[in-house]
Structure formats: structure tokens, C-alpha cells
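Source file: my_file.tsv; contents: TSV, C-alpha atoms.
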chain	number	residue	atom	x	y	z
C	1	MET	CA	126.85	88.65	93.56
C	2	THR	CA	123.31	87.44	92.86
C	3	GLN	CA	124.34	83.83	93.56
C	4	TRP	CA	125.85	84.91	96.85
C	5	LEU	CA	122.67	86.69	97.82
C	6	ILE	CA	120.52	83.67	96.93
C	7	ALA	CA	122.88	81.38	98.88
C	8	LEU	CA	122.70	83.72	101.85
C	9	ALA	CA	118.89	83.87	101.70
C	10	LEU	CA	118.70	80.06	101.55
C	11	LEU	CA	121.06	79.75	104.48
C	12	ALA	CA	118.99	82.23	106.47
C	13	SER	CA	115.79	80.29	105.79
C	14	ILE	CA	117.42	77.02	106.83
C	15	ALA	CA	119.09	78.53	109.85
C	16	ALA	CA	115.87	80.22	111.06
C	17	PRO	CA	115.28	78.26	114.27
C	18	SER	CA	111.87	76.89	115.23
C	19	ARG	CA	111.02	78.21	118.64
C	20	THR	CA	108.79	76.91	121.38
C	21	ALA	CA	105.53	78.83	121.56
C	22	PRO	CA	105.39	81.08	124.63
C	23	ASP	CA	103.07	79.87	127.35
C	24	VAL	CA	100.58	82.72	127.23
C	25	THR	CA	97.39	83.02	129.25
C	26	LEU	CA	94.39	84.50	127.44
C	27	ARG	CA	90.96	85.65	128.50
C	28	THR	CA	87.79	84.05	127.15
C	29	ALA	CA	84.62	85.97	126.25
C	30	GLU	CA	83.02	84.71	129.47
C	31	GLY	CA	85.88	86.03	131.62
C	32	GLY	CA	87.69	82.74	132.18
C	33	THR	CA	91.31	82.07	131.24
C	34	VAL	CA	92.96	79.69	128.81
C	35	ARG	CA	96.62	78.66	128.71
C	36	LEU	CA	98.28	77.80	125.44
C	37	THR	CA	99.99	74.77	127.02
C	38	ASP	CA	96.51	73.31	127.64
C	39	TYR	CA	96.43	72.57	123.91
C	40	LYS	CA	99.73	70.63	123.79
C	41	GLY	CA	99.21	67.51	121.70
C	42	SER	CA	97.02	69.34	119.17
C	43	VAL	CA	98.02	71.34	116.13
C	44	VAL	CA	97.21	74.94	117.11
C	45	ILE	CA	96.79	78.05	114.97
C	46	VAL	CA	97.12	81.24	117.01
C	47	ASP	CA	95.83	84.23	115.06
C	48	PHE	CA	96.23	87.80	116.25
C	49	TRP	CA	93.53	90.16	114.93
C	50	ALA	CA	91.92	93.51	115.65
C	51	SER	CA	88.69	95.18	114.56
C	52	TRP	CA	90.62	98.09	112.96
C	53	CYS	CA	92.80	95.81	110.81
C	54	VAL	CA	91.46	95.71	107.25
C	55	PRO	CA	92.88	92.31	106.13
C	56	CYS	CA	91.57	90.74	109.37
C	57	LYS	CA	88.05	91.12	107.94
C	58	THR	CA	89.02	88.65	105.21
C	59	ALA	CA	91.27	86.45	107.34
C	60	PHE	CA	88.77	85.95	110.18
C	61	PRO	CA	86.07	84.03	108.20
C	62	ALA	CA	88.77	82.05	106.36
C	63	LEU	CA	90.29	80.91	109.66
C	64	ASP	CA	86.85	80.04	110.98
C	65	ALA	CA	86.31	77.89	107.89
C	66	LEU	CA	89.62	76.12	108.62
C	67	PHE	CA	88.50	75.55	112.22
C	68	ARG	CA	85.22	73.99	111.11
C	69	GLU	CA	87.03	71.80	108.57
C	70	TYR	CA	89.89	70.56	110.76
C	71	HIS	CA	88.70	70.73	114.36
C	72	ALA	CA	87.44	67.13	114.37
C	73	ARG	CA	90.92	66.03	113.22
C	74	GLY	CA	92.68	67.68	116.16
C	75	VAL	CA	93.32	71.23	114.99
C	76	GLU	CA	92.60	74.14	117.32
C	77	VAL	CA	92.25	77.72	116.12
C	78	LEU	CA	92.59	80.47	118.71
C	79	ALA	CA	91.62	83.91	117.43
C	80	VAL	CA	93.30	86.38	119.77
C	81	ASN	CA	91.82	89.87	119.73
C	82	VAL	CA	94.15	92.75	120.63
C	83	ASP	CA	91.63	95.62	120.55
C	84	GLU	CA	92.06	98.02	123.45
C	85	ARG	CA	88.29	98.46	123.77
C	86	ARG	CA	86.19	95.34	124.06
C	87	ARG	CA	83.17	96.99	122.43
C	88	ASP	CA	85.16	97.39	119.16
C	89	ALA	CA	85.86	93.66	119.13
C	90	ASP	CA	82.23	92.85	119.96
C	91	ALA	CA	80.97	95.02	117.08
C	92	PHE	CA	83.33	93.20	114.70
C	93	LEU	CA	82.25	89.78	116.01
C	94	ALA	CA	78.56	90.67	115.73
C	95	LYS	CA	79.04	91.18	111.98
C	96	LEU	CA	80.98	87.94	111.48
C	97	PRO	CA	79.32	84.85	112.95
C	98	HIS	CA	81.95	82.30	113.97
C	99	THR	CA	82.43	78.99	115.72
C	100	MET	CA	86.16	79.15	116.57
C	101	PRO	CA	87.11	80.29	120.08
C	102	VAL	CA	87.86	84.01	120.34
C	103	LEU	CA	90.18	85.12	123.14
C	104	PHE	CA	90.99	88.61	124.36
C	105	ASP	CA	94.29	90.31	125.12
C	106	PRO	CA	93.62	94.08	125.27
C	107	LYS	CA	97.12	94.82	126.60
C	108	GLY	CA	98.83	92.84	123.84
C	109	THR	CA	100.97	90.83	126.27
C	110	SER	CA	100.65	87.67	124.21
C	111	ALA	CA	101.31	89.57	120.95
C	112	GLU	CA	104.54	90.80	122.52
C	113	ALA	CA	105.45	87.29	123.69
C	114	PHE	CA	104.95	86.00	120.14
C	115	ALA	CA	106.85	89.02	118.72
C	116	VAL	CA	104.04	89.88	116.29
C	117	ARG	CA	105.44	91.90	113.36
C	118	GLY	CA	102.24	92.78	111.48
C	119	MET	CA	98.48	92.51	111.63
C	120	PRO	CA	97.04	89.97	111.22
C	121	SER	CA	99.67	87.42	112.25
C	122	SER	CA	99.20	83.67	112.51
C	123	PHE	CA	101.44	81.10	114.13
C	124	ILE	CA	100.98	77.41	113.38
C	125	ILE	CA	102.16	75.33	116.32
C	126	ASP	CA	102.85	71.59	116.13
C	127	ARG	CA	101.80	68.89	118.60
C	128	ASN	CA	104.97	69.46	120.64
C	129	GLY	CA	104.29	73.16	121.15
C	130	VAL	CA	106.85	74.40	118.62
C	131	ILE	CA	106.01	77.29	116.26
C	132	ARG	CA	106.59	75.78	112.82
C	133	PHE	CA	104.99	78.27	110.44
C	134	THR	CA	104.30	81.99	110.63
C	135	HIS	CA	102.09	84.12	108.41
C	136	ILE	CA	102.06	87.90	108.45
C	137	GLY	CA	99.18	89.63	106.71
C	138	TYR	CA	96.53	87.84	104.70
C	139	THR	CA	95.88	87.26	101.02
C	140	SER	CA	93.41	84.78	99.52
C	141	ASP	CA	96.18	82.38	98.42
C	142	VAL	CA	97.35	81.90	102.03
C	143	SER	CA	94.48	79.47	102.65
C	144	SER	CA	96.13	76.77	100.52
C	145	SER	CA	99.42	77.22	102.45
C	146	TYR	CA	97.51	76.74	105.70
C	147	ARG	CA	95.98	73.51	104.41
C	148	ARG	CA	99.36	72.15	103.29
C	149	GLU	CA	101.04	73.07	106.58
C	150	ILE	CA	98.21	71.68	108.72
C	151	ALA	CA	98.32	68.40	106.77
C	152	GLN	CA	102.07	68.16	107.36
C	153	LEU	CA	101.78	68.80	111.10
C	154	LEU	CA	98.84	66.42	111.49
C	155	SER	CA	100.88	63.65	109.89
C	156	GLU	CA	103.63	64.07	112.48
C	157	GLU	CA	103.48	62.13	115.73
C	158	LYS	CA	103.75	63.79	119.12
C	159	GLN	CA	107.16	63.17	120.68
C	160	PRO	CA	106.95	61.33	124.01
L	1	MET	CA	134.04	133.44	130.77
L	2	SER	CA	136.36	132.22	128.04
L	3	GLN	CA	135.04	131.22	124.65
L	4	SER	CA	136.26	127.59	124.99
L	5	VAL	CA	134.21	127.10	128.17
L	6	LEU	CA	131.13	128.53	126.45
L	7	GLY	CA	131.72	126.25	123.45
L	8	ARG	CA	132.05	123.22	125.73
L	9	ARG	CA	128.80	124.13	127.49
L	10	ALA	CA	127.03	124.50	124.15
L	11	VAL	CA	128.23	121.04	123.09
L	12	LEU	CA	127.14	119.54	126.42
L	13	LEU	CA	123.73	121.20	126.14
L	14	THR	CA	123.29	119.89	122.57
L	15	VAL	CA	124.23	116.35	123.64
L	16	ALA	CA	121.88	116.50	126.63
L	17	LEU	CA	119.00	117.84	124.52
L	18	THR	CA	119.57	115.20	121.82
L	19	ALA	CA	119.61	112.44	124.44
L	20	PHE	CA	116.41	113.85	125.98
L	21	VAL	CA	114.58	114.02	122.63
L	22	CYS	CA	115.76	110.58	121.50
L	23	GLY	CA	114.66	109.12	124.84
L	24	ALA	CA	111.08	109.99	123.94
L	25	CYS	CA	111.16	107.93	120.72
L	26	GLU	CA	109.20	104.69	120.87
L	27	THR	CA	108.14	102.23	118.22
L	28	VAL	CA	104.39	101.70	118.12
L	29	GLN	CA	103.95	97.95	117.92
L	30	PRO	CA	101.67	96.49	115.20
L	31	TRP	CA	99.00	95.51	117.74
L	32	GLN	CA	98.94	99.02	119.21
L	33	ARG	CA	97.88	100.79	116.02
L	34	GLY	CA	94.16	100.87	116.64
L	35	ARG	CA	94.02	104.61	117.18
L	36	LEU	CA	96.40	105.30	114.31
L	37	ALA	CA	94.13	103.27	112.04
L	38	ASP	CA	91.14	105.43	112.90
L	39	ARG	CA	89.61	107.28	109.97
L	40	CYS	CA	90.23	110.65	111.64
L	41	MET	CA	93.97	109.95	111.43
L	42	ILE	CA	93.94	109.93	107.63
L	43	PHE	CA	96.37	112.61	106.49
L	44	ASP	CA	94.04	114.13	103.97
L	45	ALA	CA	91.48	116.92	103.92
L	46	ASP	CA	88.66	114.61	102.85
L	47	ALA	CA	88.78	111.32	104.74
L	48	SER	CA	85.52	110.08	103.17
L	49	GLN	CA	86.92	110.55	99.69
L	50	VAL	CA	90.09	108.63	100.64
L	51	ALA	CA	87.97	105.83	102.15
L	52	TYR	CA	85.89	105.67	98.97
L	53	MET	CA	88.97	105.59	96.72
L	54	THR	CA	90.60	102.92	98.90
L	55	HIS	CA	87.49	100.78	98.70
L	56	TRP	CA	87.42	101.22	94.93
L	57	GLN	CA	91.10	100.26	94.65
L	58	GLU	CA	90.62	97.22	96.89
L	59	ALA	CA	87.77	96.01	94.68
L	60	ARG	CA	89.84	96.60	91.55
L	61	GLU	CA	93.02	94.97	92.85
L	62	GLY	CA	91.31	92.13	94.72
L	63	ALA	CA	93.43	92.86	97.80
L	64	ALA	CA	92.86	94.83	100.96
L	65	GLY	CA	95.21	96.74	103.22
L	66	GLY	CA	98.53	98.38	102.61
L	67	TYR	CA	97.04	101.87	102.66
L	68	GLY	CA	97.30	104.36	105.46
L	69	VAL	CA	98.96	103.76	108.77
L	70	GLN	CA	97.63	100.45	109.99
L	71	SER	CA	100.41	98.18	108.74
L	72	GLY	CA	98.23	96.76	105.96
L	73	GLY	CA	98.19	93.16	104.91
L	74	CYS	CA	101.84	93.02	103.99
L	75	GLY	CA	103.05	93.13	107.56
L	76	CYS	CA	105.34	96.02	106.74
L	77	LYS	CA	105.86	98.73	109.27
Rewrite the coordinates I just gave you, this time as C-alpha cells.
Amino acid sequence: MTQWLIALALLASIAAPSRTAPDVTLRTAEGGTVRLTDYKGSVVIVDFWASWCVPCKTAFPALDALFREYHARGVEVLAVNVDERRRDADAFLAKLPHTMPVLFDPKGTSAEAFAVRGMPSSFIIDRNGVIRFTHIGYTSDVSSSYRREIAQLLSEEKQP
Amino acid sequence: MSQSVLGRRAVLLTVALTAFVCGACETVQPWQRGRLADRCMIFDADASQVAYMTHWQEAREGAAGGYGVQSGGCGCK
């Protein structure tokens, strides 16, 4: 029975299809818009966060550190805020200085398009716009997984 | 009115009421839990005490989230 379950779990993990990232449009702090397809050709981490989400307080600076470390090598980090009230997000951001771009989606349209299942959620997208890795929640050991996955995606060429 | 007709009406009414009540059910998505995560939503008489204990537990366990209604760090619903 146990072997069957393990076999089934393995099969499920292999069969889990990679899917193309939805082409979402997000709002910048200045009021402009950004499309996810604009970043095709780069490795992109899309992170959904909110001011009320406790693990986001740990995940946010860690992602910003990844952005500072990998941005020069072609990695983009988009921190998508899903707070309903902008002032909640602004209060959170005032406490955590950052360099990565923060985008706003108060209606959660992009979170729905990505089928977010928990907060925070991160999606690592390869150069061809395919979601290759997903992280739900945040613990301190996730940072090393991010580094390994980014290195793998950076080593892959963009398909013509 | 015969008893069978009354019985049938009762069944119909129950089905209609059940359908009406179930129609109001909706899953709150993870990104919509801002209000649920508010401190005033803590199901306890003393929210400050719960917040203090949670903070103490987070420091002790070296992990945050997983308490209350905000979907925690585990991503569970």
C-alpha cells in the first residue's frame, strides 16, 4: 500500500504540468501599468504579499535581498501587493526599505489568474514565460531553494 | 388537503431552502483574508494576550504564521 502511495505521489509530481504564466497587468506605485509579458526573456519571480500576512514580513526582505543579488544577472522580482487599502501597503513598505519593484493589485485579479493558494505565494518563471517553480508560504530554508532554482533557470537558454 | 400533498410540499420547501442557503456559501480566497486577519477577529476574549502568546511562540519556534485565520505560512486553508 505504502509503495503504491509513493509511486502515485511520484507520478503526480512528474505529471504536474508546467503552465505558461498568465499575462497579467499590474499597477506601479506611480500609477503606471506593467505587463508580465514585458519581462519575457528574463527569469521572473512573482511574489504575492499583503501587509496583514505574518510570514510576508520575513519573506519580503529575503526576496529583496535576492533581487539585489541577482538583478544584474537578469533576474526580475515583482512583489505584488494584494491589500485592499493602499495605505496598509504603504505603512508596511515604510517599515521595510526595499529596492525591488512593488506592484499593486487591490482587487486580486492577478492572484486569481495565478490561482494563488496561500499567502505569501511565489512563482518562478523561466525565460520563456513558463511557471517552473511555486512556493506557498515562507520559511527561512526556502531561500536556498530559490537560489538553486534561479541558478537552474539562468543556465537555460531562451527558446527562439 | 391530503397528507401526501403536505409531505411533498414540505420536501420541496426543504430542498428549496437548502439550495438557497448553499447558494450563499463562498470560499474566501487567500488574498481576500485581510479583514479576517485583523486582530479584532481573534476568537478570544483577550486579543492582546493571544497576540503576546503568539509572538512568544514564534520566537521560541523560530517560525511565524499558522495561527489564527490568515492562512499562515503553510499555505493551508
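A straight line drawn from CA of Leu103 (chain C) to CA of Thr28 (chain C) is 4.8 Å long.
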**OP:** Name the closest residue to Gly137 (chain C) among the candidates L:Ala63, L:Val50, L:Val21, L:Val15; distances are taken between atoms, counting all atoms listed in the file.
**Re:** L:Ala63
**OP:** Measuring atom to atom with only C-alpha atoms, identify which of L:Gly7, L:Thr27, L:Met53, L:Arg33 is nearest to chain C.
**Re:**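 Among the listed residues, the smallest separation from chain C belongs to L:Arg33.
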**OP:** Can you work out the spacing between CA of Phe133 (chain C) and CA of Glu76 (chain C) in Å, to one decimal?
**Re:**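 Pair CA of Phe133 (chain C) / CA of Glu76 (chain C) returns 14.8 Å.
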Please report as a PDB file with C-alpha atoms, in the coordinates of the input which residues of chain C come no farther than 9 Å from chain L, using only C-alpha atoms.
ATOM      1  CA  PHE C  48      96.230  87.800 116.250  1.00  0.00           C
ATOM      2  CA  TRP C  49      93.530  90.160 114.930  1.00  0.00           C
ATOM      3  CA  ALA C  50      91.920  93.510 115.650  1.00  0.00           C
ATOM      4  CA  SER C  51      88.690  95.180 114.560  1.00  0.00           C
ATOM      5  CA  TRP C  52      90.620  98.090 112.960  1.00  0.00           C
ATOM      6  CA  CYS C  53      92.800  95.810 110.810  1.00  0.00           C
ATOM      7  CA  VAL C  54      91.460  95.710 107.250  1.00  0.00           C
ATOM      8  CA  PRO C  55      92.880  92.310 106.130  1.00  0.00           C
ATOM      9  CA  CYS C  56      91.570  90.740 109.370  1.00  0.00           C
ATOM     10  CA  THR C  58      89.020  88.650 105.210  1.00  0.00           C
ATOM     11  CA  VAL C  82      94.150  92.750 120.630  1.00  0.00           C
ATOM     12  CA  ASP C  83      91.630  95.620 120.550  1.00  0.00           C
ATOM     13  CA  GLU C  84      92.060  98.020 123.450  1.00  0.00           C
ATOM     14  CA  LYS C 107      97.120  94.820 126.600  1.00  0.00           C
ATOM     15  CA  GLY C 108      98.830  92.840 123.840  1.00  0.00           C
ATOM     16  CA  ALA C 111     101.310  89.570 120.950  1.00  0.00           C
ATOM     17  CA  GLU C 112     104.540  90.800 122.520  1.00  0.00           C
ATOM     18  CA  VAL C 116     104.040  89.880 116.290  1.00  0.00           C
ATOM     19  CA  ARG C 117     105.440  91.900 113.360  1.00  0.00           C
ATOM     20  CA  GLY C 118     102.240  92.780 111.480  1.00  0.00           C
ATOM     21  CA  MET C 119      98.480  92.510 111.630  1.00  0.00           C
ATOM     22  CA  PRO C 120      97.040  89.970 111.220  1.00  0.00           C
ATOM     23  CA  SER C 121      99.670  87.420 112.250  1.00  0.00           C
ATOM     24  CA  ILE C 136     102.060  87.900 108.450  1.00  0.00           C
ATOM     25  CA  GLY C 137      99.180  89.630 106.710  1.00  0.00           C
ATOM     26  CA  TYR C 138      96.530  87.840 104.700  1.00  0.00           C
ATOM     27  CA  THR C 139      95.880  87.260 101.020  1.00  0.00           C
ATOM     28  CA  SER C 140      93.410  84.780  99.520  1.00  0.00           C
TER      29      SER C 140
END
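Closest approach to Asn128 (chain C) among C:Gln159, C:Thr37, C:Asn81, C:Thr109 is made by C:Gln159 (distances from only C-alpha atoms).
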Original post:
Could you work out how far CA of Phe67 (chain C) lies from CA of Val34 (chain C), giving the answer in Å with one decimal?
Top reply: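 These atoms are spaced 17.7 Å apart.
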Original post:
Could you pull the residues within 8 Å of Arg27 (chain C), counting all atoms listed in the file, minus those fewer than 3 positions along the same chain, as a PyMOL selection string?
Top reply: chain C and resi 31-34+103-105
**OP:** Please provide the set of residues having any atom within 9 Å of Glu149 (chain C), restricted to all atoms listed in the file, with same-chain residues fewer than 4 positions apart removed, written as a PyMOL selection string.
**Re:** chain C and resi 124+132-133+144-145+153-154
